>>> print(open('run.cif').read())   # mmCIF, C-alpha atoms
data_data
loop_
_atom_site.group_PDB
_atom_site.id
_atom_site.type_symbol
_atom_site.label_atom_id
_atom_site.label_comp_id
_atom_site.auth_asym_id
_atom_site.auth_seq_id
_atom_site.Cartn_x
_atom_site.Cartn_y
_atom_site.Cartn_z
ATOM 1 C CA MET E 1 -17.176 31.356 9.388
ATOM 2 C CA LEU E 2 -13.470 31.232 8.605
ATOM 3 C CA ASP E 3 -13.824 27.493 8.055
ATOM 4 C CA LEU E 4 -16.160 28.081 5.132
ATOM 5 C CA VAL E 5 -13.851 30.718 3.640
ATOM 6 C CA PHE E 6 -10.954 28.278 3.916
ATOM 7 C CA LEU E 7 -12.936 25.465 2.316
ATOM 8 C CA VAL E 8 -13.966 27.673 -0.620
ATOM 9 C CA LEU E 9 -10.388 28.872 -1.149
ATOM 10 C CA MET E 10 -9.098 25.316 -0.819
ATOM 11 C CA LEU E 11 -11.513 24.127 -3.493
ATOM 12 C CA ILE E 12 -10.457 26.940 -5.813
ATOM 13 C CA VAL E 13 -6.763 26.132 -5.291
ATOM 14 C CA LEU E 14 -7.304 22.414 -5.862
ATOM 15 C CA ILE E 15 -9.457 22.928 -8.967
ATOM 16 C CA HIS E 16 -6.750 25.122 -10.478
ATOM 17 C CA ALA E 17 -4.121 22.549 -9.483
ATOM 18 C CA ILE E 18 -6.061 19.732 -11.133
ATOM 19 C CA ARG E 19 -6.060 21.816 -14.326
ATOM 20 C CA GLY E 20 -2.285 22.231 -14.061
ATOM 21 C CA GLU E 21 -2.029 25.781 -12.680
ATOM 22 C CA PHE E 22 -0.385 26.336 -9.308
ATOM 23 C CA GLN E 23 -1.822 29.484 -7.735
ATOM 24 C CA GLU E 24 0.893 30.240 -5.179
ATOM 25 C CA THR E 25 -0.569 33.434 -3.709
ATOM 26 C CA LEU E 26 -4.050 31.997 -3.387
ATOM 27 C CA CYS E 27 -2.602 28.831 -1.855
ATOM 28 C CA ASN E 28 -0.675 30.855 0.731
ATOM 29 C CA VAL E 29 -3.760 32.908 1.586
ATOM 30 C CA ALA E 30 -5.873 29.767 1.936
ATOM 31 C CA ALA E 31 -3.262 28.107 4.145
ATOM 32 C CA VAL E 32 -3.032 31.123 6.468
ATOM 33 C CA ILE E 33 -6.806 31.431 6.721
ATOM 34 C CA GLY E 34 -7.056 27.680 7.377
ATOM 35 C CA VAL E 35 -4.465 27.748 10.151
ATOM 36 C CA VAL E 36 -6.114 30.765 11.785
ATOM 37 C CA ALA E 37 -9.559 29.154 11.495
ATOM 38 C CA ALA E 38 -8.263 25.889 12.957
ATOM 39 C CA LEU E 39 -6.555 27.610 15.890
ATOM 40 C CA ILE E 40 -9.653 29.677 16.685
ATOM 41 C CA GLY E 41 -11.762 26.526 16.381
ATOM 42 C CA ILE E 42 -9.472 24.532 18.672
ATOM 43 C CA ILE E 43 -9.540 27.270 21.312
ATOM 44 C CA SER E 44 -13.313 27.673 21.114
ATOM 45 C CA ALA E 45 -13.842 23.894 21.154
ATOM 46 C CA PHE E 46 -11.612 23.597 24.195
ATOM 47 C CA PHE E 47 -13.603 26.178 26.176
ATOM 48 C CA ASN E 48 -17.155 25.568 24.897
ATOM 49 C CA THR E 49 -17.527 21.785 24.779
ATOM 50 C CA SER E 50 -17.616 19.231 27.519
ATOM 51 C CA SER E 51 -14.779 16.790 28.069
ATOM 52 C CA THR E 52 -16.764 13.850 26.638
ATOM 53 C CA ASN E 53 -17.397 15.491 23.271
ATOM 54 C CA GLY E 54 -14.143 15.502 21.326
ATOM 55 C CA VAL E 55 -15.609 15.807 17.831
ATOM 56 C CA PRO E 56 -15.139 19.598 17.396
ATOM 57 C CA LEU E 57 -11.568 19.358 18.637
ATOM 58 C CA THR E 58 -10.835 16.453 16.271
ATOM 59 C CA LEU E 59 -12.371 18.232 13.289
ATOM 60 C CA ASN E 60 -10.385 21.381 13.965
ATOM 61 C CA LEU E 61 -7.174 19.372 14.256
ATOM 62 C CA PHE E 62 -8.025 17.774 10.902
ATOM 63 C CA LEU E 63 -8.602 21.258 9.472
ATOM 64 C CA LEU E 64 -5.195 22.377 10.772
ATOM 65 C CA ILE E 65 -3.458 19.402 9.145
ATOM 66 C CA LEU E 66 -5.347 20.004 5.886
ATOM 67 C CA ALA E 67 -4.372 23.689 5.886
ATOM 68 C CA VAL E 68 -0.704 22.876 6.466
ATOM 69 C CA LEU E 69 -0.623 20.221 3.724
ATOM 70 C CA LEU E 70 -2.631 22.200 1.149
ATOM 71 C CA ARG E 71 0.491 23.421 -0.654
ATOM 72 C CA ARG E 72 1.840 19.874 -1.046
ATOM 73 C CA PHE E 73 -1.519 18.609 -2.296
ATOM 74 C CA ALA E 74 -1.718 21.357 -4.908
ATOM 75 C CA LYS E 75 1.865 20.772 -6.085
ATOM 76 C CA GLN E 76 1.215 17.023 -6.329
ATOM 77 C CA PHE E 77 -1.881 17.599 -8.471
ATOM 78 C CA VAL E 78 0.090 19.942 -10.758
ATOM 79 C CA LYS E 79 2.869 17.348 -11.025
ATOM 80 C CA LEU E 80 0.375 14.615 -11.928
ATOM 81 C CA TYR E 81 -1.220 16.857 -14.564
ATOM 82 C CA GLU E 82 2.158 17.664 -16.113
ATOM 83 C CA GLU E 83 3.113 13.973 -16.185
ATOM 84 C CA LYS E 84 -0.175 13.140 -17.890
ATOM 85 C CA GLU E 85 0.360 15.859 -20.491
ATOM 86 C CA ARG E 86 3.942 14.712 -21.107
ATOM 87 C CA GLU E 87 2.774 11.117 -21.513
ATOM 88 C CA ASN E 88 0.067 12.173 -23.960
ATOM 89 C CA ALA E 89 2.609 14.196 -25.955
ATOM 90 C CA GLU E 90 4.974 11.210 -26.076
ATOM 91 C CA LYS E 91 2.158 8.945 -27.280
ATOM 92 C CA LEU E 92 1.200 11.455 -29.961
ATOM 93 C CA LEU E 93 4.813 11.816 -31.068
ATOM 94 C CA ALA E 94 5.278 8.030 -31.174
ATOM 95 C CA GLU E 95 2.077 7.617 -33.175
ATOM 96 C CA ALA E 96 3.041 10.367 -35.608
ATOM 97 C CA SER E 97 6.569 9.010 -36.045
ATOM 98 C CA ARG E 98 5.177 5.817 -37.549
ATOM 99 C CA TYR E 99 3.918 7.770 -40.540
ATOM 100 C CA VAL E 100 7.060 9.812 -41.146
ATOM 101 C CA ARG E 101 9.461 8.438 -43.772
ATOM 102 C CA ASP E 102 12.568 10.046 -42.246
ATOM 103 C CA ASN E 103 13.191 7.381 -39.597
ATOM 104 C CA GLU E 104 13.367 3.814 -40.895
ATOM 105 C CA LYS E 105 13.421 2.311 -37.386
ATOM 106 C CA ALA E 106 10.018 3.827 -36.591
ATOM 107 C CA LEU E 107 8.399 2.312 -39.687
ATOM 108 C CA PRO E 108 6.947 -1.178 -39.744
ATOM 109 C CA PRO E 109 8.672 -3.609 -42.166
ATOM 110 C CA VAL E 110 7.740 -3.185 -45.826
ATOM 111 C CA TYR E 111 7.615 -5.891 -48.498
ATOM 112 C CA THR E 112 10.016 -5.434 -51.380
ATOM 113 C CA GLU E 113 11.137 -7.711 -54.211
ATOM 114 C CA GLY E 114 14.031 -9.021 -52.122
ATOM 115 C CA ASN E 115 12.139 -9.874 -48.940
ATOM 116 C CA PHE E 116 8.703 -10.839 -50.246
ATOM 117 C CA ASP E 117 9.129 -14.526 -49.346
ATOM 118 C CA ASP E 118 10.782 -13.919 -45.983
ATOM 119 C CA PRO E 119 8.746 -15.875 -43.374
ATOM 120 C CA GLU E 120 9.960 -13.709 -40.487
ATOM 121 C CA LEU E 121 8.603 -10.624 -42.186
ATOM 122 C CA ARG E 122 5.281 -12.253 -43.039
ATOM 123 C CA PHE E 123 4.640 -14.183 -39.836
ATOM 124 C CA GLY E 124 6.879 -12.570 -37.233
ATOM 125 C CA LYS E 125 9.853 -14.046 -35.472
ATOM 126 C CA GLY E 126 9.251 -17.678 -34.579
ATOM 127 C CA GLY E 127 5.682 -17.698 -35.850
ATOM 128 C CA TYR E 128 6.002 -19.804 -38.990
ATOM 129 C CA THR E 129 8.143 -22.902 -38.612
ATOM 130 C CA ASP E 130 6.628 -25.550 -40.949
ATOM 131 C CA ASN E 131 8.659 -25.455 -44.180
ATOM 132 C CA ASP E 132 6.994 -28.558 -45.673
ATOM 133 C CA LEU E 133 3.829 -26.732 -46.686
#
>>> encode(input="run.cif", output="structure tokens")
Amino acid sequence: MLDLVFLVLMLIVLIHAIRGEFQETLCNVAAVIGVVAALIGIISAFFNTSSTNGVPLTLNLFLLILAVLLRRFAKQFVKLYEEKERENAEKLLAEASRYVRDNEKALPPVYTEGNFDDPELRFGKGGYTDNDL
């Protein structure tokens, strides 16, 4: 029964972490419940199953490892979310800076009377090389 409680709490913690919110108290509660559930499961699997059936013992060991690493998983998901948001903000800022007239380096080249016949401006660097036409 504690296994199901741990799995529900783990899902709640991970869903919040995927959305960028680290629920520290809930994560600690889920980790404690998971460790307790895994230890009870290991003890009961050791006494109740035969020596040829190692599946319950293996699953409870996996549950123990998952409960111990839950905090790291949640922090990693929060970190990935924050990196994605930062990258999206940088893209938005770079896209918006193209349309702002304050920074001349961010603007694409503009034709004026002095550089209208410049082949590098019209065709890019190294694009137009035939001067006979």
>>> residues_around(input="run.cif", residues="Ser44 (chain E)", least_positions_apart="4", cutoff="10 Å", atoms="all atoms listed in the file", output="JSON list (two decimals) with C-alpha atoms, in the frame of the given file")
[["chain", "number", "residue", "atom", "x", "y", "z"],
["E", 38, "ALA", "CA", -8.26, 25.89, 12.96],
["E", 39, "LEU", "CA", -6.56, 27.61, 15.89],
["E", 40, "ILE", "CA", -9.65, 29.68, 16.68],
["E", 48, "ASN", "CA", -17.16, 25.57, 24.90],
["E", 49, "THR", "CA", -17.53, 21.78, 24.78],
["E", 56, "PRO", "CA", -15.14, 19.60, 17.40],
["E", 57, "LEU", "CA", -11.57, 19.36, 18.64],
["E", 60, "ASN", "CA", -10.38, 21.38, 13.96]]
>>> atom_distance(input="run.cif", atom1="CA of Glu85 (chain E)", atom2="CA of Phe22 (chain E)")
15.3 Å
>>> closest_residue(input="run.cif", among="E:Ile12, E:Phe47, E:Val5, E:Leu64", to="Val35 (chain E)", atoms="only C-alpha atoms")
E:Leu64
>>> closest_residue(input="run.cif", among="E:Ala94, E:Ile15, E:Ala37, E:Cys27", to="Leu2 (chain E)", atoms="all atoms listed in the file")
E:Ala37
>>> closest_residue(input="run.cif", among="E:Leu11, E:Leu4, E:Leu93, E:Ala17", to="Arg72 (chain E)", atoms="all atoms listed in the file")
E:Ala17
>>> decode(input="run.cif", residues="region 72-101 of chain E", atoms="C-alpha atoms", output="PDB file, in the first residue's frame")
ATOM      1  CA  ARG E  72      17.996  14.617  -8.049  1.00  0.00           C
ATOM      2  CA  PHE E  73      15.480  13.739 -10.759  1.00  0.00           C
ATOM      3  CA  ALA E  74      13.187  16.582  -9.720  1.00  0.00           C
ATOM      4  CA  LYS E  75      16.050  19.101  -9.569  1.00  0.00           C
ATOM      5  CA  GLN E  76      17.266  17.984 -13.006  1.00  0.00           C
ATOM      6  CA  PHE E  77      13.800  18.476 -14.503  1.00  0.00           C
ATOM      7  CA  VAL E  78      13.580  21.960 -12.946  1.00  0.00           C
ATOM      8  CA  LYS E  79      17.037  22.792 -14.316  1.00  0.00           C
ATOM      9  CA  LEU E  80      16.050  21.633 -17.807  1.00  0.00           C
ATOM     10  CA  TYR E  81      12.852  23.700 -17.654  1.00  0.00           C
ATOM     11  CA  GLU E  82      14.757  26.812 -16.582  1.00  0.00           C
ATOM     12  CA  GLU E  83      17.312  26.323 -19.368  1.00  0.00           C
ATOM     13  CA  LYS E  84      14.506  25.977 -21.902  1.00  0.00           C
ATOM     14  CA  GLU E  85      12.832  29.149 -20.643  1.00  0.00           C
ATOM     15  CA  ARG E  86      16.137  31.045 -20.706  1.00  0.00           C
ATOM     16  CA  GLU E  87      16.806  29.861 -24.256  1.00  0.00           C
ATOM     17  CA  ASN E  88      13.332  30.922 -25.366  1.00  0.00           C
ATOM     18  CA  ALA E  89      13.824  34.344 -23.758  1.00  0.00           C
ATOM     19  CA  GLU E  90      17.177  34.753 -25.521  1.00  0.00           C
ATOM     20  CA  LYS E  91      15.607  33.822 -28.864  1.00  0.00           C
ATOM     21  CA  LEU E  92      12.787  36.298 -28.302  1.00  0.00           C
ATOM     22  CA  LEU E  93      15.236  39.030 -27.324  1.00  0.00           C
ATOM     23  CA  ALA E  94      17.425  38.313 -30.365  1.00  0.00           C
ATOM     24  CA  GLU E  95      14.396  38.369 -32.655  1.00  0.00           C
ATOM     25  CA  ALA E  96      13.110  41.611 -31.154  1.00  0.00           C
ATOM     26  CA  SER E  97      16.528  43.274 -31.329  1.00  0.00           C
ATOM     27  CA  ARG E  98      16.484  43.015 -35.113  1.00  0.00           C
ATOM     28  CA  TYR E  99      13.595  45.460 -35.252  1.00  0.00           C
ATOM     29  CA  VAL E 100      14.991  48.003 -32.805  1.00  0.00           C
ATOM     30  CA  ARG E 101      16.830  50.968 -34.349  1.00  0.00           C
TER      31      ARG E 101
END
